[in-house]
Amino acid sequence: MKKTFKKLGVMMVALAVVLTSCEDLEVENLNDLDSRAVYADATSLPSVIDGAFLTWWQGIQLSSPNMPVSVAAQTLSSSWGNWGMQDLGTIPRAPIQNTVTYNNRAFMTTPWYNLNNALAQANEVLRVLETEFNGSIQDNQGNDLTAQTVANAKMLQGLTLGWLGLIFDQAFIADESLSAEDLAALEMSPYTDVIEAAVTKLTEAATMFAANSGTTHTAINGLNYDNTGAAQFCRAYAAKLLAYKARSGAETAANDWNRILTLANGGTTADISPAGDGQFWWTRILIQGQFPLWSRVSQRLINMMEGGIGGPSTNDPNHPTAPYPWPDGTSTLPEITNPRDARITKYYQYNTGVQFQSARGYYFFSSYNFRKYPDYLAAFLGPMPHLTLNEQNLIKAEALIRTGGDKLQAAAYINNTRVDNGELPALTGLESNADMLKALYYERLVEFTWDGALNGWFFRRMTTVDQYQLQPGTPQQMPVPAQELEILGLDVYTFGG
């Protein structure tokens, strides 16, 4: 696959403007400034990095890929055609339409071009800092900006490479160290290598933040970290990338959980929840994802919470309160008045009818919509949970269980949400590993599916619990977009079906 990365880089910048403006008008264009003037001014380099964090966010958190892929995961449910929700949610699954003419291709193109665009900006800042400013820059008052710029740039490299590895089967691993000759010969690498490169960048960033007390991170809206907090963010995210990269239960079981535990133990001491500003920093899954005319909680999830046996290949049609799949020809089901899991009434809202088109499949139907964060709907302001402390603790819990660690501590982490929020019986830590892992993945699906981006998809593809896995034929990763492959002269391919 020897293709010229320089060609990709030029086309990436051009297409990031053209394609996202055509396909997803919600993506902010950060390329309007004269790049030569920007990069020639040393004092502007930190702001270039800060702006590129928005490009990263908008590549994963707006409409695509989060909404349609969450429907594919059978956590969110919607039969509307917007963003490819119907296409990815239809059963039996069909292959992804990876073509240049597919109207809903933004769930592939938006993350691909935004993430690569943000990565390119980080790489260019670091290259210019070294080649044009001899590796050191100051502001107009003579204050050193080098560590601040480099640490945040490496954080951004880690986040962008990490999400490329989480979403796509392969991607380019490029940074400021590559020469023109290296770039010309660069090939795409498998997602496992992309994740490793991302973790390397995040750990380098964590080390630089920790060693420089004057460094901060404030680029992600609402997050105001000193150097210690920024280092913790990087370690927490590195742990997430390593844990969630798995495409199957077998890959999860083979993961290096000791390494993951070490990173997770150095994570944040509070939720990672960027703040919505109602304009640039927002997330679709907390808007239409909480509105009953647009979406519902998958009936498969409701069945699970009511103790059902519905799974990717198992129906539970006779369940007394939550049959799975939703019965054909039925327009409404009674409200669950005495739920097994209290979060059915705490987090969800009952509706007497369903507005979806029955011709598209009754399996899309559900009586409940997600309503955990109603305050966000008022003006799209306030915290947007992305990687909460409880979610980080479940990564630690899984690591403890899989490494023969302290199962009492693992149970305590699981019980934080299981008991306090779900009002379910507490785990003791004496259960079998299999039973504890089943309870852990249950908590992930209930608590964190609407947090961050693509969580439900990650949880279902990585779980070792058969009942919680993806619907057969659901893609476990995305292909490189067709237009990128055609530019590179590579064969177009796809997944799913």
# chains A, B, ... in the order shown; residues from 1 in each chain; ligands from 1
$ select_by_dssp --residues "segment 312-402 of chain A" --states "helix (DSSP H, G or I)" --output "JSON, numbers by chain"
{"A": [343, 344, 345, 346, 358, 359, 360, 362, 363, 364, 374, 375, 376, 377, 378, 379, 389, 390, 391, 392, 393, 394, 395, 396, 397, 398, 399, 400, 401, 402]}
$ write_last_selection --atoms "C-alpha atoms" --output "PDB file, in the first residue's frame"
ATOM      1  CA  ARG A 343     -32.865   3.286  36.096  1.00  0.00           C
ATOM      2  CA  ILE A 344     -35.745   2.409  33.769  1.00  0.00           C
ATOM      3  CA  THR A 345     -37.684   5.122  35.575  1.00  0.00           C
ATOM      4  CA  LYS A 346     -34.711   7.259  36.659  1.00  0.00           C
ATOM      5  CA  SER A 358     -43.670   0.012  11.072  1.00  0.00           C
ATOM      6  CA  ALA A 359     -42.728  -0.882   7.490  1.00  0.00           C
ATOM      7  CA  ARG A 360     -39.092  -0.309   8.427  1.00  0.00           C
ATOM      8  CA  TYR A 362     -40.981  -3.231  14.512  1.00  0.00           C
ATOM      9  CA  TYR A 363     -37.602  -4.136  16.010  1.00  0.00           C
ATOM     10  CA  PHE A 364     -36.844  -0.389  16.017  1.00  0.00           C
ATOM     11  CA  PRO A 374     -32.785  16.966  30.699  1.00  0.00           C
ATOM     12  CA  ASP A 375     -30.996  20.167  31.700  1.00  0.00           C
ATOM     13  CA  TYR A 376     -28.741  19.931  28.646  1.00  0.00           C
ATOM     14  CA  LEU A 377     -31.759  20.085  26.320  1.00  0.00           C
ATOM     15  CA  ALA A 378     -32.713  23.590  27.462  1.00  0.00           C
ATOM     16  CA  ALA A 379     -29.919  25.398  25.597  1.00  0.00           C
ATOM     17  CA  LEU A 389     -14.840   8.740  36.948  1.00  0.00           C
ATOM     18  CA  ASN A 390     -17.291   5.842  37.217  1.00  0.00           C
ATOM     19  CA  GLU A 391     -16.482   4.781  33.662  1.00  0.00           C
ATOM     20  CA  GLN A 392     -12.771   4.972  34.406  1.00  0.00           C
ATOM     21  CA  ASN A 393     -13.360   2.873  37.518  1.00  0.00           C
ATOM     22  CA  LEU A 394     -15.019   0.138  35.471  1.00  0.00           C
ATOM     23  CA  ILE A 395     -11.886  -0.034  33.339  1.00  0.00           C
ATOM     24  CA  LYS A 396      -9.960  -0.553  36.582  1.00  0.00           C
ATOM     25  CA  ALA A 397     -12.518  -3.144  37.717  1.00  0.00           C
ATOM     26  CA  GLU A 398     -12.196  -5.175  34.528  1.00  0.00           C
ATOM     27  CA  ALA A 399      -8.417  -5.016  34.801  1.00  0.00           C
ATOM     28  CA  LEU A 400      -8.530  -6.224  38.417  1.00  0.00           C
ATOM     29  CA  ILE A 401     -10.801  -9.143  37.526  1.00  0.00           C
ATOM     30  CA  ARG A 402      -8.763 -10.196  34.491  1.00  0.00           C
TER      31      ARG A 402
END
$ residues_around --residues "segment 116-132 of chain A" --least-positions-apart "4" --cutoff "9 Å" --atoms "only C-alpha atoms" --output "ChimeraX atom specification"
/A:9,12-13,16,39-40,42,45-46,48-49,51-56,111-112,136-137,146,149-150,152-154,156-161,164,172,174-177
$ write_last_selection --atoms "N, CA and C atoms" --output "CSV table (one decimal), in the first residue's frame"
chain,number,residue,atom,x,y,z
A,9,GLY,N,-2.1,14.4,2.5
A,9,GLY,CA,-2.1,15.5,3.3
A,9,GLY,C,-2.8,16.7,2.6
A,12,MET,N,-6.3,15.9,2.1
A,12,MET,CA,-7.0,15.9,3.4
A,12,MET,C,-7.5,17.3,3.7
A,13,VAL,N,-6.6,18.3,3.6
A,13,VAL,CA,-6.9,19.6,4.0
A,13,VAL,C,-8.0,20.2,3.1
A,16,ALA,N,-11.3,18.2,3.7
A,16,ALA,CA,-11.9,18.5,5.0
A,16,ALA,C,-12.8,19.7,4.9
A,39,TYR,N,1.7,30.2,11.0
A,39,TYR,CA,2.9,29.4,11.4
A,39,TYR,C,4.1,30.2,11.5
A,40,ALA,N,4.1,31.4,10.9
A,40,ALA,CA,5.3,32.2,11.0
A,40,ALA,C,5.4,33.0,12.3
A,42,ALA,N,5.4,32.8,16.1
A,42,ALA,CA,5.6,31.8,17.2
A,42,ALA,C,4.5,31.9,18.3
A,45,LEU,N,1.2,29.7,17.7
A,45,LEU,CA,1.2,28.2,17.7
A,45,LEU,C,0.4,27.6,18.8
A,46,PRO,N,0.4,28.0,20.0
A,46,PRO,CA,-0.5,27.4,21.0
A,46,PRO,C,-2.0,27.5,20.6
A,48,VAL,N,-3.2,27.6,17.6
A,48,VAL,CA,-3.5,26.7,16.5
A,48,VAL,C,-3.8,25.3,17.1
A,49,ILE,N,-3.0,24.9,18.1
A,49,ILE,CA,-3.3,23.6,18.7
A,49,ILE,C,-4.6,23.6,19.5
A,51,GLY,N,-7.3,25.4,18.8
A,51,GLY,CA,-8.4,25.3,17.9
A,51,GLY,C,-8.6,23.9,17.3
A,52,ALA,N,-7.5,23.2,17.1
A,52,ALA,CA,-7.6,21.9,16.5
A,52,ALA,C,-8.3,20.9,17.4
A,53,PHE,N,-8.3,21.1,18.7
A,53,PHE,CA,-9.1,20.3,19.6
A,53,PHE,C,-10.6,20.3,19.3
A,54,LEU,N,-11.1,21.4,18.8
A,54,LEU,CA,-12.5,21.5,18.4
A,54,LEU,C,-12.7,20.7,17.2
A,55,THR,N,-11.7,20.7,16.2
A,55,THR,CA,-11.8,19.8,15.1
A,55,THR,C,-11.9,18.3,15.5
A,56,TRP,N,-11.1,17.9,16.4
A,56,TRP,CA,-11.2,16.6,17.0
A,56,TRP,C,-12.6,16.3,17.5
A,111,PRO,N,-15.4,11.5,10.7
A,111,PRO,CA,-14.3,11.3,11.6
A,111,PRO,C,-13.0,11.1,10.8
A,112,TRP,N,-13.0,10.6,9.6
A,112,TRP,CA,-11.7,10.4,8.9
A,112,TRP,C,-11.0,11.7,8.6
A,136,SER,N,12.2,26.2,20.4
A,136,SER,CA,11.9,27.0,21.6
A,136,SER,C,11.1,28.2,21.1
A,137,ILE,N,10.0,28.5,21.8
A,137,ILE,CA,9.2,29.7,21.5
A,137,ILE,C,8.8,30.5,22.8
A,146,THR,N,7.2,26.8,25.1
A,146,THR,CA,7.5,25.5,24.4
A,146,THR,C,6.8,24.3,25.0
A,149,THR,N,3.1,24.3,24.5
A,149,THR,CA,2.7,23.9,23.1
A,149,THR,C,2.9,22.5,22.8
A,150,VAL,N,4.1,22.0,23.1
A,150,VAL,CA,4.5,20.6,22.8
A,150,VAL,C,3.6,19.6,23.6
A,152,ASN,N,0.5,20.0,24.8
A,152,ASN,CA,-0.9,19.9,24.2
A,152,ASN,C,-0.9,19.4,22.8
A,153,ALA,N,0.1,19.6,22.0
A,153,ALA,CA,0.2,19.0,20.7
A,153,ALA,C,0.3,17.5,20.7
A,154,LYS,N,1.1,17.0,21.6
A,154,LYS,CA,1.2,15.5,21.8
A,154,LYS,C,-0.1,14.9,22.3
A,156,LEU,N,-3.0,16.1,21.6
A,156,LEU,CA,-3.9,16.1,20.4
A,156,LEU,C,-3.5,15.0,19.5
A,157,GLN,N,-2.2,14.8,19.3
A,157,GLN,CA,-1.8,13.6,18.4
A,157,GLN,C,-2.4,12.3,19.0
A,158,GLY,N,-2.3,12.2,20.3
A,158,GLY,CA,-2.8,10.9,20.9
A,158,GLY,C,-4.3,10.8,20.7
A,159,LEU,N,-5.0,11.8,20.9
A,159,LEU,CA,-6.5,11.8,20.8
A,159,LEU,C,-6.9,11.5,19.4
A,160,THR,N,-6.3,12.1,18.4
A,160,THR,CA,-6.7,11.9,17.0
A,160,THR,C,-6.3,10.5,16.5
A,161,LEU,N,-5.0,10.1,16.8
A,161,LEU,CA,-4.6,8.8,16.4
A,161,LEU,C,-5.5,7.7,17.1
A,164,LEU,N,-8.9,7.4,15.4
A,164,LEU,CA,-8.7,6.8,14.2
A,164,LEU,C,-8.6,5.3,14.4
A,172,PHE,N,-3.2,6.2,8.7
A,172,PHE,CA,-1.8,6.6,8.6
A,172,PHE,C,-1.3,7.0,10.0
A,174,ALA,N,1.4,9.3,11.3
A,174,ALA,CA,2.3,10.4,10.9
A,174,ALA,C,2.5,11.3,12.1
A,175,ASP,N,3.7,11.8,12.2
A,175,ASP,CA,4.0,12.8,13.2
A,175,ASP,C,5.1,13.7,12.6
A,176,GLU,N,5.5,14.7,13.4
A,176,GLU,CA,6.5,15.7,13.0
A,176,GLU,C,7.9,15.2,12.7
A,177,SER,N,8.1,14.0,13.1
A,177,SER,CA,9.5,13.4,13.0
A,177,SER,C,9.8,12.9,11.6
$ closest_atom_pairs --of "segment 32-138 of chain A" --to "segment 467-474 of chain A" --cutoff "7 Å" --atoms "only C-alpha atoms" --output "CSV"
residue,atom,partner,partner_atom,distance
A:Ala72,CA,A:Thr474,CA,6.7
A:Ala73,CA,A:Leu470,CA,6.2
A:Arg93,CA,A:Gly473,CA,5.3
$ write_last_selection --atoms "N, CA and C atoms" --output "PDB file, in the first residue's frame"
ATOM      1  N   ALA A  72     -26.762   1.122  15.314  1.00  0.00           N
ATOM      2  CA  ALA A  72     -26.217  -0.184  14.935  1.00  0.00           C
ATOM      3  C   ALA A  72     -25.906  -1.035  16.157  1.00  0.00           C
ATOM      4  N   ALA A  73     -25.523  -0.375  17.253  1.00  0.00           N
ATOM      5  CA  ALA A  73     -25.180  -1.085  18.488  1.00  0.00           C
ATOM      6  C   ALA A  73     -26.399  -1.544  19.273  1.00  0.00           C
ATOM      7  N   ARG A  93     -28.517  -7.222   8.815  1.00  0.00           N
ATOM      8  CA  ARG A  93     -27.546  -6.204   8.486  1.00  0.00           C
ATOM      9  C   ARG A  93     -27.097  -6.324   7.026  1.00  0.00           C
TER      10      ARG A  93
END
$ atom_distance --atom1 "atom CA of Tyr244 of chain A" --atom2 "atom CA of Asn455 of chain A"
8.8 Å
$ residues_around --residues "Ala434 of chain A" --least-positions-apart "5" --cutoff "9 Å" --atoms "only C-alpha atoms" --output "PDB file with all heavy atoms, in the first residue's frame"
ATOM      1  N   ALA A 439     -21.862  -8.536  35.083  1.00  0.00           N
ATOM      2  CA  ALA A 439     -22.417  -7.383  35.803  1.00  0.00           C
ATOM      3  C   ALA A 439     -21.721  -6.100  35.375  1.00  0.00           C
ATOM      4  O   ALA A 439     -22.352  -5.043  35.262  1.00  0.00           O
ATOM      5  CB  ALA A 439     -22.269  -7.600  37.303  1.00  0.00           C
ATOM      6  N   THR A 464     -16.978 -10.070  26.409  1.00  0.00           N
ATOM      7  CA  THR A 464     -16.873 -11.524  26.354  1.00  0.00           C
ATOM      8  C   THR A 464     -18.195 -12.191  26.732  1.00  0.00           C
ATOM      9  O   THR A 464     -18.276 -13.426  26.768  1.00  0.00           O
ATOM     10  CB  THR A 464     -15.773 -12.001  27.316  1.00  0.00           C
ATOM     11  OG1 THR A 464     -15.972 -11.399  28.610  1.00  0.00           O
ATOM     12  CG2 THR A 464     -14.390 -11.601  26.815  1.00  0.00           C
ATOM     13  N   VAL A 465     -19.226 -11.402  27.008  1.00  0.00           N
ATOM     14  CA  VAL A 465     -20.551 -11.923  27.356  1.00  0.00           C
ATOM     15  C   VAL A 465     -21.362 -12.061  26.074  1.00  0.00           C
ATOM     16  O   VAL A 465     -21.731 -11.052  25.451  1.00  0.00           O
ATOM     17  CB  VAL A 465     -21.263 -10.990  28.358  1.00  0.00           C
ATOM     18  CG1 VAL A 465     -22.626 -11.573  28.743  1.00  0.00           C
ATOM     19  CG2 VAL A 465     -20.402 -10.763  29.594  1.00  0.00           C
TER      20      VAL A 465
END
$ closest_residue --among "A:Thr403, A:Thr332, A:Thr262, A:Asn221" --to "Trp281 of chain A" --atoms "only C-alpha atoms"
A:Asn221
$ atom_distance --atom1 "atom CA of Ile220 of chain A" --atom2 "atom CA of Arg259 of chain A"
26.6 Å
$ residues_around --residues "Ala453 of chain A" --least-positions-apart "4" --cutoff "9 Å" --atoms "only C-alpha atoms" --output "compact mmCIF listing (two decimals) with N, CA and C atoms, in the first residue's frame"
# COMPACT_ATOMS: atom_id res chain seq x y z
N ILE A 60 -16.18 13.48 16.12
CA ILE A 60 -16.72 12.28 16.77
C ILE A 60 -18.04 12.52 17.50
N GLN A 61 -18.34 13.76 17.92
CA GLN A 61 -19.41 13.98 18.88
C GLN A 61 -20.68 14.59 18.31
N LEU A 62 -20.68 15.05 17.08
CA LEU A 62 -21.89 15.71 16.58
C LEU A 62 -22.88 14.65 16.07
N PRO A 65 -20.04 10.17 13.59
CA PRO A 65 -20.66 8.84 13.46
C PRO A 65 -21.55 8.42 14.62
N ASN A 66 -21.68 9.26 15.65
CA ASN A 66 -22.24 8.80 16.92
C ASN A 66 -23.68 8.30 16.80
N MET A 67 -24.54 9.03 16.11
CA MET A 67 -25.95 8.65 16.07
C MET A 67 -26.18 7.34 15.32
N SER A 70 -24.54 4.25 17.03
CA SER A 70 -25.23 3.88 18.27
C SER A 70 -26.49 3.09 17.96
N THR A 283 -23.17 17.96 21.50
CA THR A 283 -23.23 16.56 21.09
C THR A 283 -24.66 16.19 20.75
N ILE A 285 -26.13 13.32 20.53
CA ILE A 285 -26.78 12.22 21.24
C ILE A 285 -27.48 12.70 22.51
N HIS A 386 -18.16 12.61 29.16
CA HIS A 386 -17.35 12.03 28.09
C HIS A 386 -16.58 10.81 28.56
N THR A 449 -23.64 4.46 27.79
CA THR A 449 -23.88 4.40 26.36
C THR A 449 -24.11 5.78 25.76
$ residues_around --residues "segment 441-443 of chain A" --least-positions-apart "5" --cutoff "8 Å" --atoms "only C-alpha atoms" --output "ChimeraX atom specification"
/A:414,417-418,448,459,463,465,468
$ write_last_selection --atoms "N, CA and C atoms" --output "mmCIF file, in the first residue's frame"
data_model
loop_
_atom_site.group_PDB
_atom_site.id
_atom_site.type_symbol
_atom_site.label_atom_id
_atom_site.label_comp_id
_atom_site.auth_asym_id
_atom_site.auth_seq_id
_atom_site.Cartn_x
_atom_site.Cartn_y
_atom_site.Cartn_z
ATOM 1 N N ILE A 414 -17.990 -1.570 40.656
ATOM 2 C CA ILE A 414 -19.225 -1.917 39.938
ATOM 3 C C ILE A 414 -20.446 -1.467 40.732
ATOM 4 N N THR A 417 -22.423 2.235 40.691
ATOM 5 C CA THR A 417 -23.599 2.540 39.875
ATOM 6 C C THR A 417 -24.670 1.461 40.009
ATOM 7 N N ARG A 418 -24.263 0.223 40.125
ATOM 8 C CA ARG A 418 -25.207 -0.894 40.193
ATOM 9 C C ARG A 418 -26.167 -0.730 41.369
ATOM 10 N N PHE A 448 -23.252 4.245 30.521
ATOM 11 C CA PHE A 448 -22.315 5.073 29.766
ATOM 12 C C PHE A 448 -22.541 5.074 28.259
ATOM 13 N N PHE A 459 -18.696 -1.192 23.653
ATOM 14 C CA PHE A 459 -18.989 -2.168 24.702
ATOM 15 C C PHE A 459 -19.462 -3.491 24.117
ATOM 16 N N THR A 463 -17.125 -7.066 24.461
ATOM 17 C CA THR A 463 -17.536 -7.884 25.584
ATOM 18 C C THR A 463 -17.299 -9.368 25.340
ATOM 19 N N VAL A 465 -19.226 -11.402 27.008
ATOM 20 C CA VAL A 465 -20.551 -11.923 27.356
ATOM 21 C C VAL A 465 -21.362 -12.061 26.074
ATOM 22 N N TYR A 468 -24.523 -9.932 25.246
ATOM 23 C CA TYR A 468 -24.411 -8.488 25.082
ATOM 24 C C TYR A 468 -23.703 -8.078 23.794
#
$ closest_residue --among "A:Leu263, A:Ala275, A:Leu145, A:Ile91" --to "Trp57 of chain A" --atoms "only C-alpha atoms"
A:Ala275
